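Asker: Provided herewith: structure.cif, mmCIF, N, CA and C atoms.
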data_structure
loop_
_atom_site.label_atom_id
_atom_site.label_comp_id
_atom_site.auth_asym_id
_atom_site.auth_seq_id
_atom_site.Cartn_x
_atom_site.Cartn_y
_atom_site.Cartn_z
N MET Q 1 8.84 8.88 -16.77
CA MET Q 1 7.52 8.33 -16.62
C MET Q 1 7.63 6.80 -16.60
N THR Q 2 7.00 6.19 -15.60
CA THR Q 2 6.99 4.74 -15.47
C THR Q 2 5.96 4.14 -16.43
N THR Q 3 6.34 3.07 -17.07
CA THR Q 3 5.40 2.38 -17.94
C THR Q 3 4.88 1.15 -17.21
N ARG Q 4 3.58 1.06 -17.07
CA ARG Q 4 2.95 -0.08 -16.42
C ARG Q 4 2.55 -1.11 -17.45
N THR Q 5 2.45 -2.34 -17.00
CA THR Q 5 1.86 -3.39 -17.82
C THR Q 5 0.40 -3.03 -18.02
N ASN Q 6 -0.13 -3.30 -19.20
CA ASN Q 6 -1.54 -3.03 -19.46
C ASN Q 6 -2.14 -4.31 -20.05
N THR Q 7 -2.58 -5.20 -19.18
CA THR Q 7 -3.11 -6.49 -19.57
C THR Q 7 -4.50 -6.32 -20.19
N PRO Q 8 -4.70 -6.78 -21.41
CA PRO Q 8 -6.03 -6.65 -22.03
C PRO Q 8 -7.04 -7.62 -21.41
N ASP Q 9 -8.32 -7.26 -21.50
CA ASP Q 9 -9.37 -8.18 -21.06
C ASP Q 9 -9.32 -9.42 -21.94
N ARG Q 10 -9.70 -10.57 -21.36
CA ARG Q 10 -9.63 -11.82 -22.09
C ARG Q 10 -10.97 -12.55 -21.97
N THR Q 11 -11.47 -13.03 -23.10
CA THR Q 11 -12.68 -13.85 -23.09
C THR Q 11 -12.25 -15.31 -22.99
N ASN Q 12 -12.75 -16.01 -21.99
CA ASN Q 12 -12.39 -17.40 -21.74
C ASN Q 12 -13.23 -18.33 -22.62
N PRO Q 13 -12.79 -19.58 -22.80
CA PRO Q 13 -13.53 -20.54 -23.63
C PRO Q 13 -14.99 -20.73 -23.21
N ASP Q 14 -15.27 -20.57 -21.91
CA ASP Q 14 -16.66 -20.75 -21.45
C ASP Q 14 -17.50 -19.48 -21.59
N GLY Q 15 -16.93 -18.42 -22.19
CA GLY Q 15 -17.66 -17.18 -22.42
C GLY Q 15 -17.49 -16.14 -21.33
N THR Q 16 -16.90 -16.52 -20.18
CA THR Q 16 -16.67 -15.53 -19.12
C THR Q 16 -15.50 -14.64 -19.50
N LYS Q 17 -15.36 -13.52 -18.81
CA LYS Q 17 -14.25 -12.59 -19.08
C LYS Q 17 -13.30 -12.55 -17.89
N THR Q 18 -12.02 -12.44 -18.18
CA THR Q 18 -11.01 -12.22 -17.16
C THR Q 18 -10.48 -10.82 -17.37
N ILE Q 19 -10.50 -10.02 -16.30
CA ILE Q 19 -10.00 -8.64 -16.41
C ILE Q 19 -8.94 -8.42 -15.35
N THR Q 20 -8.11 -7.42 -15.56
CA THR Q 20 -7.11 -7.00 -14.59
C THR Q 20 -7.49 -5.60 -14.13
N THR Q 21 -7.45 -5.38 -12.82
CA THR Q 21 -7.78 -4.07 -12.28
C THR Q 21 -6.80 -3.04 -12.81
N LYS Q 22 -7.31 -1.90 -13.22
CA LYS Q 22 -6.50 -0.82 -13.78
C LYS Q 22 -6.33 0.31 -12.78
N ARG Q 23 -5.24 1.04 -12.92
CA ARG Q 23 -4.97 2.21 -12.09
C ARG Q 23 -5.18 3.46 -12.91
N ALA Q 24 -5.89 4.42 -12.33
CA ALA Q 24 -6.13 5.70 -12.98
C ALA Q 24 -5.31 6.78 -12.30
N CYS Q 25 -4.96 7.80 -13.05
CA CYS Q 25 -4.26 8.96 -12.51
C CYS Q 25 -5.18 9.63 -11.49
N ASN Q 26 -4.63 9.94 -10.32
CA ASN Q 26 -5.46 10.59 -9.30
C ASN Q 26 -5.62 12.09 -9.57
N GLY Q 27 -5.03 12.59 -10.65
CA GLY Q 27 -5.21 13.98 -11.02
C GLY Q 27 -6.29 14.17 -12.07
N CYS Q 28 -6.33 13.27 -13.09
CA CYS Q 28 -7.27 13.47 -14.20
C CYS Q 28 -8.09 12.23 -14.55
N GLY Q 29 -7.76 11.08 -13.97
CA GLY Q 29 -8.53 9.87 -14.23
C GLY Q 29 -8.07 9.07 -15.44
N HIS Q 30 -7.02 9.51 -16.13
CA HIS Q 30 -6.48 8.79 -17.29
C HIS Q 30 -6.00 7.41 -16.84
N LEU Q 31 -6.41 6.33 -17.56
CA LEU Q 31 -5.97 4.98 -17.20
C LEU Q 31 -4.50 4.80 -17.52
N LEU Q 32 -3.75 4.34 -16.53
CA LEU Q 32 -2.30 4.20 -16.66
C LEU Q 32 -1.85 2.77 -16.94
N GLY Q 33 -2.66 1.78 -16.60
CA GLY Q 33 -2.29 0.38 -16.76
C GLY Q 33 -2.70 -0.41 -15.54
N ASP Q 34 -2.12 -1.60 -15.39
CA ASP Q 34 -2.49 -2.51 -14.30
C ASP Q 34 -2.11 -1.93 -12.93
N ILE Q 35 -2.95 -2.22 -11.96
CA ILE Q 35 -2.66 -1.82 -10.58
C ILE Q 35 -1.50 -2.66 -10.07
N THR Q 36 -0.66 -2.11 -9.21
CA THR Q 36 0.45 -2.87 -8.63
C THR Q 36 -0.02 -3.61 -7.39
N GLY Q 37 0.76 -4.57 -6.96
CA GLY Q 37 0.44 -5.31 -5.74
C GLY Q 37 0.37 -4.40 -4.52
N THR Q 38 1.27 -3.44 -4.43
CA THR Q 38 1.28 -2.50 -3.31
C THR Q 38 0.01 -1.65 -3.31
N GLU Q 39 -0.41 -1.20 -4.49
CA GLU Q 39 -1.64 -0.41 -4.58
C GLU Q 39 -2.86 -1.25 -4.22
N MET Q 40 -2.90 -2.49 -4.66
CA MET Q 40 -4.02 -3.37 -4.33
C MET Q 40 -4.08 -3.61 -2.83
N ASN Q 41 -2.92 -3.86 -2.20
CA ASN Q 41 -2.89 -4.06 -0.75
C ASN Q 41 -3.41 -2.83 -0.02
N ALA Q 42 -2.99 -1.65 -0.46
CA ALA Q 42 -3.46 -0.42 0.17
C ALA Q 42 -4.98 -0.30 0.06
N ALA Q 43 -5.51 -0.57 -1.12
CA ALA Q 43 -6.96 -0.47 -1.33
C ALA Q 43 -7.72 -1.49 -0.46
N ILE Q 44 -7.24 -2.71 -0.42
CA ILE Q 44 -7.91 -3.75 0.36
C ILE Q 44 -7.92 -3.42 1.85
N HIS Q 45 -6.84 -2.83 2.33
CA HIS Q 45 -6.69 -2.59 3.75
C HIS Q 45 -7.02 -1.16 4.17
N GLY Q 46 -7.67 -0.42 3.28
CA GLY Q 46 -8.20 0.89 3.66
C GLY Q 46 -7.20 2.03 3.71
N ARG Q 47 -6.03 1.83 3.14
CA ARG Q 47 -5.05 2.92 3.11
C ARG Q 47 -5.19 3.67 1.79
N PRO Q 48 -4.83 4.95 1.78
CA PRO Q 48 -4.93 5.71 0.53
C PRO Q 48 -3.97 5.16 -0.52
N LEU Q 49 -4.37 5.25 -1.78
CA LEU Q 49 -3.47 4.86 -2.87
C LEU Q 49 -2.42 5.94 -3.07
N PRO Q 50 -1.22 5.55 -3.51
CA PRO Q 50 -0.18 6.54 -3.73
C PRO Q 50 -0.52 7.48 -4.89
N ASP Q 51 0.06 8.66 -4.85
CA ASP Q 51 -0.11 9.65 -5.91
C ASP Q 51 0.68 9.18 -7.13
N VAL Q 52 0.01 9.03 -8.27
CA VAL Q 52 0.67 8.52 -9.48
C VAL Q 52 0.67 9.55 -10.62
N ARG Q 53 0.48 10.83 -10.29
CA ARG Q 53 0.44 11.84 -11.35
C ARG Q 53 1.74 11.90 -12.15
N ARG Q 54 2.86 11.52 -11.53
CA ARG Q 54 4.14 11.53 -12.27
C ARG Q 54 4.21 10.44 -13.33
N GLU Q 55 3.31 9.47 -13.28
CA GLU Q 55 3.24 8.42 -14.30
C GLU Q 55 2.31 8.80 -15.45
N CYS Q 56 1.54 9.84 -15.27
CA CYS Q 56 0.52 10.21 -16.24
C CYS Q 56 1.10 11.12 -17.33
N PRO Q 57 0.83 10.80 -18.61
CA PRO Q 57 1.35 11.65 -19.68
C PRO Q 57 0.77 13.06 -19.67
N HIS Q 58 -0.36 13.26 -18.98
CA HIS Q 58 -0.96 14.58 -18.91
C HIS Q 58 -0.35 15.46 -17.82
N HIS Q 59 0.39 14.86 -16.89
CA HIS Q 59 0.95 15.63 -15.77
C HIS Q 59 2.47 15.65 -15.74
N THR Q 60 3.12 14.65 -16.29
CA THR Q 60 4.58 14.58 -16.25
C THR Q 60 5.14 15.64 -17.18
N PRO Q 61 6.16 16.36 -16.89
CA PRO Q 61 6.98 16.34 -15.66
C PRO Q 61 6.56 17.41 -14.65
N THR Q 62 5.41 18.02 -14.81
CA THR Q 62 5.01 19.11 -13.92
C THR Q 62 4.36 18.64 -12.63
N ALA Q 63 4.10 17.36 -12.49
CA ALA Q 63 3.45 16.85 -11.27
C ALA Q 63 4.40 17.01 -10.09
N PRO Q 64 3.85 17.40 -8.95
CA PRO Q 64 4.70 17.55 -7.76
C PRO Q 64 5.11 16.19 -7.20
N GLU Q 65 6.11 16.21 -6.34
CA GLU Q 65 6.49 15.00 -5.61
C GLU Q 65 5.26 14.53 -4.84
N PRO Q 66 5.03 13.23 -4.72
CA PRO Q 66 3.89 12.76 -3.93
C PRO Q 66 3.96 13.30 -2.51
N ARG Q 67 2.85 13.80 -2.02
CA ARG Q 67 2.75 14.36 -0.69
C ARG Q 67 2.72 13.24 0.33
N CYS Q 68 3.44 13.40 1.42
CA CYS Q 68 3.42 12.41 2.49
C CYS Q 68 2.09 12.49 3.22
N THR Q 69 1.50 11.32 3.48
CA THR Q 69 0.25 11.25 4.22
C THR Q 69 0.41 10.26 5.36
N PRO Q 70 -0.18 10.54 6.52
CA PRO Q 70 -0.05 9.62 7.65
C PRO Q 70 -1.04 8.46 7.56
N ALA Q 71 -0.69 7.36 8.19
CA ALA Q 71 -1.58 6.21 8.33
C ALA Q 71 -1.34 5.61 9.70
N THR Q 72 -2.37 5.04 10.28
CA THR Q 72 -2.25 4.36 11.57
C THR Q 72 -2.36 2.87 11.33
N LEU Q 73 -1.37 2.12 11.83
CA LEU Q 73 -1.31 0.67 11.64
C LEU Q 73 -1.35 -0.03 12.99
N TYR Q 74 -1.84 -1.26 12.99
CA TYR Q 74 -1.75 -2.11 14.16
C TYR Q 74 -0.44 -2.90 14.07
N ALA Q 75 0.24 -3.04 15.19
CA ALA Q 75 1.50 -3.79 15.22
C ALA Q 75 1.50 -4.72 16.43
N GLY Q 76 2.17 -5.85 16.28
CA GLY Q 76 2.28 -6.80 17.37
C GLY Q 76 2.43 -8.21 16.83
N ASP Q 77 2.39 -9.17 17.75
CA ASP Q 77 2.49 -10.58 17.38
C ASP Q 77 1.32 -10.95 16.48
N THR Q 78 1.59 -11.79 15.48
CA THR Q 78 0.56 -12.18 14.51
C THR Q 78 -0.67 -12.78 15.19
N LEU Q 79 -0.49 -13.68 16.17
CA LEU Q 79 -1.65 -14.27 16.85
C LEU Q 79 -2.46 -13.21 17.58
N CYS Q 80 -1.80 -12.23 18.16
CA CYS Q 80 -2.52 -11.15 18.85
C CYS Q 80 -3.29 -10.30 17.84
N LEU Q 81 -2.69 -10.03 16.69
CA LEU Q 81 -3.37 -9.24 15.66
C LEU Q 81 -4.59 -9.96 15.11
N GLU Q 82 -4.54 -11.29 15.09
CA GLU Q 82 -5.65 -12.10 14.55
C GLU Q 82 -6.64 -12.53 15.63
N TYR Q 83 -6.54 -11.94 16.83
CA TYR Q 83 -7.44 -12.26 17.94
C TYR Q 83 -7.36 -13.73 18.35
N GLU Q 84 -6.21 -14.37 18.15
CA GLU Q 84 -6.09 -15.79 18.46
C GLU Q 84 -5.03 -16.07 19.53
N CYS Q 85 -4.67 -15.05 20.29
CA CYS Q 85 -3.66 -15.26 21.33
C CYS Q 85 -4.34 -15.71 22.62
N ASP Q 86 -3.53 -16.07 23.61
CA ASP Q 86 -4.11 -16.51 24.87
C ASP Q 86 -4.07 -15.41 25.94
N HIS Q 87 -3.93 -14.14 25.52
CA HIS Q 87 -3.98 -13.02 26.44
C HIS Q 87 -5.44 -12.65 26.71
N ASP Q 88 -5.69 -12.09 27.86
CA ASP Q 88 -7.05 -11.67 28.20
C ASP Q 88 -7.42 -10.43 27.39
N ALA Q 89 -8.53 -10.53 26.70
CA ALA Q 89 -9.07 -9.39 25.95
C ALA Q 89 -10.55 -9.63 25.70
N PRO Q 90 -11.35 -8.58 25.73
CA PRO Q 90 -12.78 -8.75 25.41
C PRO Q 90 -12.94 -9.28 23.98
N GLU Q 91 -14.02 -10.02 23.74
CA GLU Q 91 -14.31 -10.59 22.42
C GLU Q 91 -14.28 -9.50 21.36
N GLY Q 92 -13.52 -9.75 20.28
CA GLY Q 92 -13.47 -8.81 19.16
C GLY Q 92 -12.55 -7.61 19.37
N GLU Q 93 -11.79 -7.60 20.46
CA GLU Q 93 -10.85 -6.52 20.72
C GLU Q 93 -9.44 -7.10 20.84
N HIS Q 94 -8.46 -6.29 20.48
CA HIS Q 94 -7.08 -6.74 20.60
C HIS Q 94 -6.64 -6.75 22.06
N CYS Q 95 -5.69 -7.62 22.35
CA CYS Q 95 -5.12 -7.67 23.70
C CYS Q 95 -4.16 -6.49 23.89
N ASP Q 96 -3.59 -6.40 25.11
CA ASP Q 96 -2.70 -5.27 25.38
C ASP Q 96 -1.32 -5.42 24.73
N GLN Q 97 -1.11 -6.51 23.99
CA GLN Q 97 0.16 -6.71 23.28
C GLN Q 97 0.13 -6.07 21.88
N VAL Q 98 -1.02 -5.56 21.46
CA VAL Q 98 -1.16 -4.91 20.16
C VAL Q 98 -1.10 -3.40 20.38
N ARG Q 99 -0.34 -2.74 19.55
CA ARG Q 99 -0.21 -1.28 19.65
C ARG Q 99 -0.50 -0.66 18.29
N THR Q 100 -0.77 0.62 18.28
CA THR Q 100 -0.93 1.34 17.01
C THR Q 100 0.33 2.15 16.78
N GLU Q 101 0.68 2.28 15.52
CA GLU Q 101 1.84 3.08 15.12
C GLU Q 101 1.42 4.03 14.02
N ARG Q 102 1.90 5.24 14.07
CA ARG Q 102 1.64 6.24 13.03
C ARG Q 102 2.82 6.21 12.09
N VAL Q 103 2.56 6.02 10.81
CA VAL Q 103 3.62 5.93 9.80
C VAL Q 103 3.28 6.82 8.62
N CYS Q 104 4.26 7.04 7.75
CA CYS Q 104 4.04 7.76 6.50
C CYS Q 104 3.51 6.75 5.48
N ASN Q 105 2.28 6.91 5.07
CA ASN Q 105 1.67 6.01 4.11
C ASN Q 105 2.39 6.03 2.77
N THR Q 106 2.89 7.19 2.37
CA THR Q 106 3.54 7.36 1.06
C THR Q 106 4.81 6.55 0.96
N HIS Q 107 5.57 6.44 2.04
CA HIS Q 107 6.88 5.78 1.99
C HIS Q 107 6.91 4.46 2.75
N THR Q 108 5.75 3.89 3.08
CA THR Q 108 5.67 2.59 3.73
C THR Q 108 5.32 1.56 2.66
N THR Q 109 5.99 0.42 2.69
CA THR Q 109 5.73 -0.63 1.69
C THR Q 109 5.19 -1.88 2.39
N SER Q 110 4.40 -2.64 1.65
CA SER Q 110 3.79 -3.83 2.22
C SER Q 110 3.61 -4.91 1.17
N ILE Q 111 3.31 -6.10 1.65
CA ILE Q 111 2.97 -7.23 0.79
C ILE Q 111 1.71 -7.87 1.36
N ALA Q 112 0.99 -8.61 0.55
CA ALA Q 112 -0.18 -9.34 1.04
C ALA Q 112 0.31 -10.60 1.73
N ALA Q 113 -0.07 -10.78 2.97
CA ALA Q 113 0.29 -11.99 3.71
C ALA Q 113 -0.71 -13.09 3.38
N GLU Q 114 -0.31 -14.34 3.55
CA GLU Q 114 -1.16 -15.48 3.19
C GLU Q 114 -2.49 -15.48 3.93
N GLN Q 115 -2.49 -15.03 5.17
CA GLN Q 115 -3.72 -15.06 5.95
C GLN Q 115 -4.66 -13.91 5.63
N GLY Q 116 -4.34 -13.11 4.64
CA GLY Q 116 -5.23 -12.04 4.23
C GLY Q 116 -4.90 -10.69 4.84
N TRP Q 117 -3.93 -10.64 5.74
CA TRP Q 117 -3.53 -9.38 6.33
C TRP Q 117 -2.49 -8.71 5.44
N ASP Q 118 -2.32 -7.45 5.62
CA ASP Q 118 -1.30 -6.68 4.92
C ASP Q 118 -0.05 -6.70 5.79
N GLU Q 119 1.05 -7.25 5.28
CA GLU Q 119 2.28 -7.33 6.06
C GLU Q 119 3.20 -6.19 5.64
N ILE Q 120 3.55 -5.33 6.59
CA ILE Q 120 4.41 -4.18 6.31
C ILE Q 120 5.85 -4.67 6.22
N THR Q 121 6.51 -4.34 5.11
CA THR Q 121 7.91 -4.72 4.93
C THR Q 121 8.86 -3.58 5.26
N HIS Q 122 8.35 -2.34 5.21
CA HIS Q 122 9.13 -1.17 5.63
C HIS Q 122 8.15 -0.10 6.07
N ALA Q 123 8.31 0.41 7.29
CA ALA Q 123 7.44 1.48 7.79
C ALA Q 123 8.28 2.72 8.02
N GLU Q 124 7.99 3.77 7.32
CA GLU Q 124 8.66 5.06 7.51
C GLU Q 124 7.90 5.81 8.61
N PRO Q 125 8.56 6.19 9.71
CA PRO Q 125 7.86 6.83 10.82
C PRO Q 125 7.21 8.16 10.43
N TRP Q 126 6.20 8.56 11.21
CA TRP Q 126 5.53 9.85 11.03
C TRP Q 126 5.88 10.73 12.22
N PRO Q 127 6.21 12.00 12.02
CA PRO Q 127 6.22 12.70 10.75
C PRO Q 127 7.36 12.22 9.86
N CYS Q 128 7.08 12.16 8.57
CA CYS Q 128 8.01 11.57 7.62
C CYS Q 128 9.29 12.38 7.51
N GLN Q 129 10.40 11.69 7.57
CA GLN Q 129 11.72 12.29 7.37
C GLN Q 129 12.42 11.64 6.19
N TYR Q 130 11.63 11.03 5.29
CA TYR Q 130 12.18 10.29 4.16
C TYR Q 130 13.13 11.15 3.36
N ASP Q 131 14.29 10.64 3.07
CA ASP Q 131 15.31 11.34 2.30
C ASP Q 131 15.13 11.00 0.84
N THR Q 132 14.67 11.95 0.04
CA THR Q 132 14.40 11.71 -1.38
C THR Q 132 15.66 11.46 -2.19
N THR Q 133 16.84 11.66 -1.62
CA THR Q 133 18.07 11.39 -2.36
C THR Q 133 18.47 9.92 -2.27
N ARG Q 134 17.79 9.15 -1.38
CA ARG Q 134 18.09 7.71 -1.28
C ARG Q 134 17.56 7.00 -2.50
N THR Q 135 18.22 5.93 -2.87
CA THR Q 135 17.73 5.12 -3.99
C THR Q 135 16.78 4.08 -3.46
N THR Q 136 16.00 3.48 -4.34
CA THR Q 136 15.09 2.41 -3.94
C THR Q 136 15.87 1.26 -3.33
N ALA Q 137 17.02 0.93 -3.93
CA ALA Q 137 17.84 -0.18 -3.40
C ALA Q 137 18.32 0.17 -2.00
N GLY Q 138 18.71 1.43 -1.77
CA GLY Q 138 19.17 1.85 -0.45
C GLY Q 138 18.06 1.74 0.57
N LYS Q 139 16.85 2.09 0.17
CA LYS Q 139 15.70 2.01 1.07
C LYS Q 139 15.45 0.57 1.47
N ALA Q 140 15.55 -0.35 0.52
CA ALA Q 140 15.27 -1.76 0.80
C ALA Q 140 16.31 -2.37 1.72
N ASN Q 141 17.50 -1.81 1.75
CA ASN Q 141 18.58 -2.39 2.55
C ASN Q 141 18.69 -1.81 3.94
N ARG Q 142 17.77 -0.95 4.34
CA ARG Q 142 17.85 -0.34 5.65
C ARG Q 142 17.55 -1.32 6.75
#
So that I can check it, write out the structure of this file as structure tokens.
Answerer:
Amino acid sequence: MTTRTNTPDRTNPDGTKTITTKRACNGCGHLLGDITGTEMNAAIHGRPLPDVRRECPHHTPTAPEPRCTPATLYAGDTLCLEYECDHDAPEGEHCDQVRTERVCNTHTTSIAAEQGWDEITHAEPWPCQYDTTRTTAGKANR
């Protein structure tokens, strides 16, 4: 079972409160601790949150492996994705240099890019063929 950081709420000198978003088990709702950056990115960009039942004391070790789920992503040059390229395209639509890709949401990782977009650092193709015998370090080095 993974142990998450659990940052307590803090009352600031001016009386306001600072809180950290918490992650709940998707099986029973038990609070597990702070949300991760990857989970926050998924939530912000409309992708499903990963299954965390294996982190929950009420489900471990009987929780199943997280089920692979598909997601559709936009891919292409950053300027084209931000509608700021010089290609011909109707207002508010992507140019023909932007494509959609179907990936496994469960095994795709991302980071928040400075411009507010979600930048994919590894996309596992769909249908997922992820090898569960690989280590996290092996996955990162592909």
Asker: Which residue gives the smallest distance to Thr109 in chain Q among Q:His87, Q:His94, Q:Arg67, Q:Arg47, with only C-alpha atoms counted?
Answerer: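 Looking at the shortest contact to Thr109 in chain Q, the residue is Q:Arg47.
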Asker: At most 6.5 Å from (11.7, 2.7, 5.7), file frame, all atoms listed in the file: which residues, as a list of chain:residue names?
Answerer: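 Every polymer residue passing the test: Q:His107, Q:Thr108, Q:His122, Q:Ala123, Q:Glu124, Q:Pro125, Q:Lys139.
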Asker: Looking only at the backbone, which of the residues in chain Q does DSSP tag as alpha helix (DSSP H), as number ranges by chain?
Answerer: Q: 37-44, 78-81, 136-140
Asker: Quick one: write out the picked residues with N, CA and C atoms as a tab-separated table (two decimals), keeping the file's coordinate frame?
Answerer:
chain	number	residue	atom	x	y	z
Q	37	GLY	N	0.76	-4.57	-6.96
Q	37	GLY	CA	0.44	-5.31	-5.74
Q	37	GLY	C	0.37	-4.40	-4.52
Q	38	THR	N	1.27	-3.44	-4.43
Q	38	THR	CA	1.28	-2.50	-3.31
Q	38	THR	C	0.01	-1.65	-3.31
Q	39	GLU	N	-0.41	-1.20	-4.49
Q	39	GLU	CA	-1.64	-0.41	-4.58
Q	39	GLU	C	-2.86	-1.25	-4.22
Q	40	MET	N	-2.90	-2.49	-4.66
Q	40	MET	CA	-4.02	-3.37	-4.33
Q	40	MET	C	-4.08	-3.61	-2.83
Q	41	ASN	N	-2.92	-3.86	-2.20
Q	41	ASN	CA	-2.89	-4.06	-0.75
Q	41	ASN	C	-3.41	-2.83	-0.02
Q	42	ALA	N	-2.99	-1.65	-0.46
Q	42	ALA	CA	-3.46	-0.42	0.17
Q	42	ALA	C	-4.98	-0.30	0.06
Q	43	ALA	N	-5.51	-0.57	-1.12
Q	43	ALA	CA	-6.96	-0.47	-1.33
Q	43	ALA	C	-7.72	-1.49	-0.46
Q	44	ILE	N	-7.24	-2.71	-0.42
Q	44	ILE	CA	-7.91	-3.75	0.36
Q	44	ILE	C	-7.92	-3.42	1.85
Q	78	THR	N	1.59	-11.79	15.48
Q	78	THR	CA	0.56	-12.18	14.51
Q	78	THR	C	-0.67	-12.78	15.19
Q	79	LEU	N	-0.49	-13.68	16.17
Q	79	LEU	CA	-1.65	-14.27	16.85
Q	79	LEU	C	-2.46	-13.21	17.58
Q	80	CYS	N	-1.80	-12.23	18.16
Q	80	CYS	CA	-2.52	-11.15	18.85
Q	80	CYS	C	-3.29	-10.30	17.84
Q	81	LEU	N	-2.69	-10.03	16.69
Q	81	LEU	CA	-3.37	-9.24	15.66
Q	81	LEU	C	-4.59	-9.96	15.11
Q	136	THR	N	16.00	3.48	-4.34
Q	136	THR	CA	15.09	2.41	-3.94
Q	136	THR	C	15.87	1.26	-3.33
Q	137	ALA	N	17.02	0.93	-3.93
Q	137	ALA	CA	17.84	-0.18	-3.40
Q	137	ALA	C	18.32	0.17	-2.00
Q	138	GLY	N	18.71	1.43	-1.77
Q	138	GLY	CA	19.17	1.85	-0.45
Q	138	GLY	C	18.06	1.74	0.57
Q	139	LYS	N	16.85	2.09	0.17
Q	139	LYS	CA	15.70	2.01	1.07
Q	139	LYS	C	15.45	0.57	1.47
Q	140	ALA	N	15.55	-0.35	0.52
Q	140	ALA	CA	15.27	-1.76	0.80
Q	140	ALA	C	16.31	-2.37	1.72
Asker: What's the 7 Å shell around Arg23 in chain Q, counting all atoms listed in the file, without same-chain residues fewer than 5 positions away, as a list of chain:residue names?
Answerer: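 Listed by chain and then number, they are Q:Gly29, Q:His30, Q:Leu31, Q:Leu32, Q:Gly33, Q:Asp34, Q:Ile35, Q:Thr36.
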Asker: Atom N of Tyr83 in chain Q and atom N of Ile44 in chain Q are how many Å apart?
Answerer: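 Those two atoms sit 19.6 Å apart.
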Asker: Could you please write out, as a list in words, every residue of range 47-142 of chain Q that DSSP assigns to strand (DSSP E)?
Answerer: Pro70, Ala71, Thr72, Leu73, Tyr74, Ala75, Arg99, Thr100, Glu101, Arg102, Val103, Cys104, Thr109, Ser110, Ile111, Ala112, Asp118, Glu119, Ile120, Thr121 and His122 of chain Q
Asker: Restricted to N, CA and C atoms, what would the selected residues look like written as a compact mmCIF listing (two decimals), keeping the file's coordinate frame?
Answerer:
# COMPACT_ATOMS: atom_id res chain seq x y z
N PRO Q 70 -0.18 10.54 6.52
CA PRO Q 70 -0.05 9.62 7.65
C PRO Q 70 -1.04 8.46 7.56
N ALA Q 71 -0.69 7.36 8.19
CA ALA Q 71 -1.58 6.21 8.33
C ALA Q 71 -1.34 5.61 9.70
N THR Q 72 -2.37 5.04 10.28
CA THR Q 72 -2.25 4.36 11.57
C THR Q 72 -2.36 2.87 11.33
N LEU Q 73 -1.37 2.12 11.83
CA LEU Q 73 -1.31 0.67 11.64
C LEU Q 73 -1.35 -0.03 12.99
N TYR Q 74 -1.84 -1.26 12.99
CA TYR Q 74 -1.75 -2.11 14.16
C TYR Q 74 -0.44 -2.90 14.07
N ALA Q 75 0.24 -3.04 15.19
CA ALA Q 75 1.50 -3.79 15.22
C ALA Q 75 1.50 -4.72 16.43
N ARG Q 99 -0.34 -2.74 19.55
CA ARG Q 99 -0.21 -1.28 19.65
C ARG Q 99 -0.50 -0.66 18.29
N THR Q 100 -0.77 0.62 18.28
CA THR Q 100 -0.93 1.34 17.01
C THR Q 100 0.33 2.15 16.78
N GLU Q 101 0.68 2.28 15.52
CA GLU Q 101 1.84 3.08 15.12
C GLU Q 101 1.42 4.03 14.02
N ARG Q 102 1.90 5.24 14.07
CA ARG Q 102 1.64 6.24 13.03
C ARG Q 102 2.82 6.21 12.09
N VAL Q 103 2.56 6.02 10.81
CA VAL Q 103 3.62 5.93 9.80
C VAL Q 103 3.28 6.82 8.62
N CYS Q 104 4.26 7.04 7.75
CA CYS Q 104 4.04 7.76 6.50
C CYS Q 104 3.51 6.75 5.48
N THR Q 109 5.99 0.42 2.69
CA THR Q 109 5.73 -0.63 1.69
C THR Q 109 5.19 -1.88 2.39
N SER Q 110 4.40 -2.64 1.65
CA SER Q 110 3.79 -3.83 2.22
C SER Q 110 3.61 -4.91 1.17
N ILE Q 111 3.31 -6.10 1.65
CA ILE Q 111 2.97 -7.23 0.79
C ILE Q 111 1.71 -7.87 1.36
N ALA Q 112 0.99 -8.61 0.55
CA ALA Q 112 -0.18 -9.34 1.04
C ALA Q 112 0.31 -10.60 1.73
N ASP Q 118 -2.32 -7.45 5.62
CA ASP Q 118 -1.30 -6.68 4.92
C ASP Q 118 -0.05 -6.70 5.79
N GLU Q 119 1.05 -7.25 5.28
CA GLU Q 119 2.28 -7.33 6.06
C GLU Q 119 3.20 -6.19 5.64
N ILE Q 120 3.55 -5.33 6.59
CA ILE Q 120 4.41 -4.18 6.31
C ILE Q 120 5.85 -4.67 6.22
N THR Q 121 6.51 -4.34 5.11
CA THR Q 121 7.91 -4.72 4.93
C THR Q 121 8.86 -3.58 5.26
N HIS Q 122 8.35 -2.34 5.21
CA HIS Q 122 9.13 -1.17 5.63
C HIS Q 122 8.15 -0.10 6.07
